[in-house]
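Here is the structure we will look at.
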Amino acid sequence: MATIVGNQNLADMWEWLATNRGSHTFLEFHGKDGSQRDFTYAEFNAYINRVANLLCSVGVTAGQNVGVQLYNSPEHIACCMACAKLGAVAVPINMQHTLAECVYVFEKCDISVVIAEPDCQCYYCAGVESCIAGPLGGEPHHVPTLFIAHAGDEGLFGTARDFDAEVAEQASELSVSACIDPLDTAMIIFTSGTTSDPKGVELTHANMLYGGYYGDWQCNLSPDDRLLTTMPAFHSNFQTAALMPVLTCGATLIFVEKYSAHRYWSQVREFGATALQLVAMMVRTLMMQPVVEGERDHNVKSVQYYLAIEEPEKDEFENRFGVRLQNCYGLTESVCWVTTDLPYGERRWPSVGRSGLGYDVRVVDSEGNVLPAGEVGDIVFHGEMGVSLMKGYYNDEAATNSCVDCKGWMRSGDKGYFDEGGWMYFVDRKSNMIKRAGENISASEVEEVLNTFPGLAEVAVIGVDDPVRDQAVKAFLVFEPNVEPDVEAVLEHCRHNLAHFKVPTIVEVVDALPHTSVGKCAKKLLH
């Protein structure tokens, strides 16, 4: 394979790390209860081997899908990497999934072994009312072998087995050796499904490694860096943009179980983080915290950020904390951020950067013609499937072919434009565009205006059916506590800042908005 990955797989990577970075700290895990667990590379490699031996003992073999439904934890990482060493496939399952959503993943991936948290075991235990193999899940085709991590004193249901106890009994040397091709699938990550049913994105060993090497370049990471993340372990923001860059350069991962706006910046300073991952929700909630003396006294050199917030909001955050947000754009399907700011030098906020190494990014019209600078169109990008692009959607050839053409061009479903200097600007998700009386309206643009109105804590804008104008603009408003809702004042604010056809015609005041596990508004639940 003539790429930076070569013929390496994840098992090869871990053997190299255990030998060459064995005494270096790989992981510092900080639990929400204040506990801390540390592992060197050699210690964690041995732990992965014990997990792999346990999975092998229950019949897990190459190509088999294994469900992993765990909170942020060392166990989550170890399970995924143990699958990789066996040539099996890890399927991280969202911890916030309902039973129906678990059933969807379970059946889609034909999962026969699951490692789960105690509060998930009722989904998988035969004879339990809410079990996948019970009435709510329909007719089962099998009942999974179920391991429960962190069982503690909560007890086990039915045939569930104590993961931690059984792992501890295993040998630290891998009992089997699998023949693994870099293009073999290592993980299936399901998209968050904010606007449609989730699809399983197949990531190969080469995809994972490519994500690591790309992240090292993008964030200028070295073996001495300490990357702090609170991203959910089942999400690509963690797997390919945090974990893998740390592994491919032999750095240290500071893995925080749960984000807390109150504690986060003190953790950044106390733990000596040099690299961070942030999203809009984190920026905004951090700005709501009281100013603390010494906030700018830290070691952070890189702050990876995903998509734009308003420039005054960005400037205020950067000035307060003494950091610089590195904007970027990509999808789970693209493995990496196909456009990015560089670690140093010029940035053009709210641009999401220029095309990254290994990607050709273009903005095209509906016929596929490249558009000139300044014109909004569809964002498409080119890469190599199984390396810099996903291998495909699991068991969904039609969806894969509708997304990626035979020449390796992937349609993002998003809108954007380039400026004359090759800097790309994200406009909106295609599914987030509202068509009203022949006009295309960006829901994000309306949301940005609404977010500048004092007293609003959160907003969401969608298009709803309109018998005359195709769609109407509907806004959902969440006011801050103790603020008296004044809808007319909000609409007047919109009239002063938006063209008349973009002003919401339907407004609903709500106590809260639904969210996905990574903090995105789950707009498919709004109507």
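Identifiers in this document derive from the order of the structure tokens: chains are assigned A, B, ..., residues are numbered from 1 separately in each chain, and ligands are numbered from 1 in order of occurrence.
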
Please produce, as CSV, a per-residue contact table for segment 245-277 of chain A versus segment 49-72 of chain A (criterion: any atom at most 10 Å away, only C-alpha atoms considered), showing the nearest atom pair and its distance in Å to one decimal, sorted by chain then residue number.
residue,atom,partner,partner_atom,distance
A:Phe255,CA,A:Asn72,CA,7.8
A:Val256,CA,A:Asn72,CA,7.4
A:Glu257,CA,A:Asn72,CA,4.9
A:Lys258,CA,A:Asn72,CA,7.5

DSSP strand (DSSP E or B) residues within segment 416-486 of chain A, as a PyMOL selection string: chain A and resi 416-418+424-429+433-436+439-442+456-466+470-479

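Excluding Cys179 of chain A itself and any same-chain residue fewer than 2 positions from it, the protein and nucleic acid residues within 8 Å of it, counting only C-alpha atoms, are Gly87, Ser177 and Asp181 of chain A.
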
Among the residues A:His493, A:Arg354, A:Arg21, A:Arg436, the one that comes closest to Asp465 of chain A [using only C-alpha atoms]: A:Arg436

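For the residues A:Phe106, A:Phe426, A:Tyr306, A:Tyr213, ranking by smallest atom-to-atom distance to Gly250 of chain A using only C-alpha atoms places A:Tyr213 first.
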
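Residue nearest Ala116 of chain A, chosen from A:His150, A:Lys301, A:Lys85, A:His500 and counting only C-alpha atoms: A:His150.
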
Distance query Val404 of chain A at most 12 Å, only C-alpha atoms, self and fewer than 3 positions along chain excluded, as a PyMOL selection string: chain A and resi 333-334+380-385+389-393+397-401+407-413

Residue with smallest distance to Trp16 of chain A - pool A:Cys249, A:Val338, A:Cys219, A:Leu513, counting only C-alpha atoms: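 Ranking A:Cys249, A:Val338, A:Cys219, A:Leu513 by distance to Trp16 of chain A, first place goes to A:Cys249.
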